[in-house]
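Colleague: What follows is a single structure, and I will ask about it in a moment.
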Amino acid sequence: FKKAIGRMKPLPLIVTISSQERAMLQEVDTAFEQTIDIQQRLRSHVQSMESHIATTQAQIDRHFGELIDALQKRKESLHQSLIAWKSSKAEQISVNIKHGASYHTELKALKHAVQALLGDTAVDDREQKMKTMVEKVMQQNVHSSHVHNYLSKNAKMVGVTFTDEIDVNMVASYGEFKETVELKAEPQIVMSDVELK
């Protein structure tokens, strides 16, 4: 008989639970399930961080690569503009030097002609003849009487200015680093109905 009683399963106790006790038990069960869900999501998040970091680093590299390429192209463009300006300016100056040499030769000849005219006492209306000779040479070379203006116009240099819109000091802090919320949705908890009696 003792063996038979020992093999017998005890009868379940039937406990009456109030609705407030059931609500508290449900709250504990819900919190328990939420902690399991949160832990699973955090473990999954840790596992996905490595690939996310690699993707973000590639995005940073691509973006800065594009910026560097654009800056490099602009730098090369400015260098080409400088070289083209130098070539054009050198050609213009060469023409001006040849013109100046020709003008110098004309002035030298004029100087000799004026001195010869001054030395010739037999010439009538010497002053008028000198004036005509000087005006002819001087009018053909307008820049002679305006050397400063001529040089200001023809001896300019080139420069490059940079606007404040692209501040080199801002490059050190370019790109905003911020955390984004990856887990936006509330945890989805599926609970089986618990029947308490």
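Convention: chains lettered A, B, ... in structure tokens order; per-chain residue numbering from 1; ligands numbered from 1 as shown.
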Please provide the set of residues having any atom within 12 Å of Gln140 of chain A, restricted to only C-alpha atoms, with same-chain residues fewer than 4 positions apart removed, written as a ChimeraX atom specification.
Modeller: /A:99-100,102-103,106-107,133-136,144-145
Colleague: I need the residue nearest Ser81 of chain A from this list: A:Val158, A:Tyr150, A:Glu165, A:Val123. Use only C-alpha atoms for the distance.
Modeller: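 Of A:Val158, A:Tyr150, A:Glu165, A:Val123, the one nearest Ser81 of chain A is A:Val158, counting only C-alpha atoms.
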Colleague: In Å, with one decimal, what is the gap from atom CA of Ala116 of chain A to atom CA of Lys131 of chain A?
Modeller: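 Straight-line distance from atom CA of Ala116 of chain A to atom CA of Lys131 of chain A works out to 14.1 Å.
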Colleague: What is the atom CA of Val160 of chain A to atom CA of His79 of chain A distance in Å?
Modeller: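 Rounded to one decimal, the two atoms are 10.4 Å apart.
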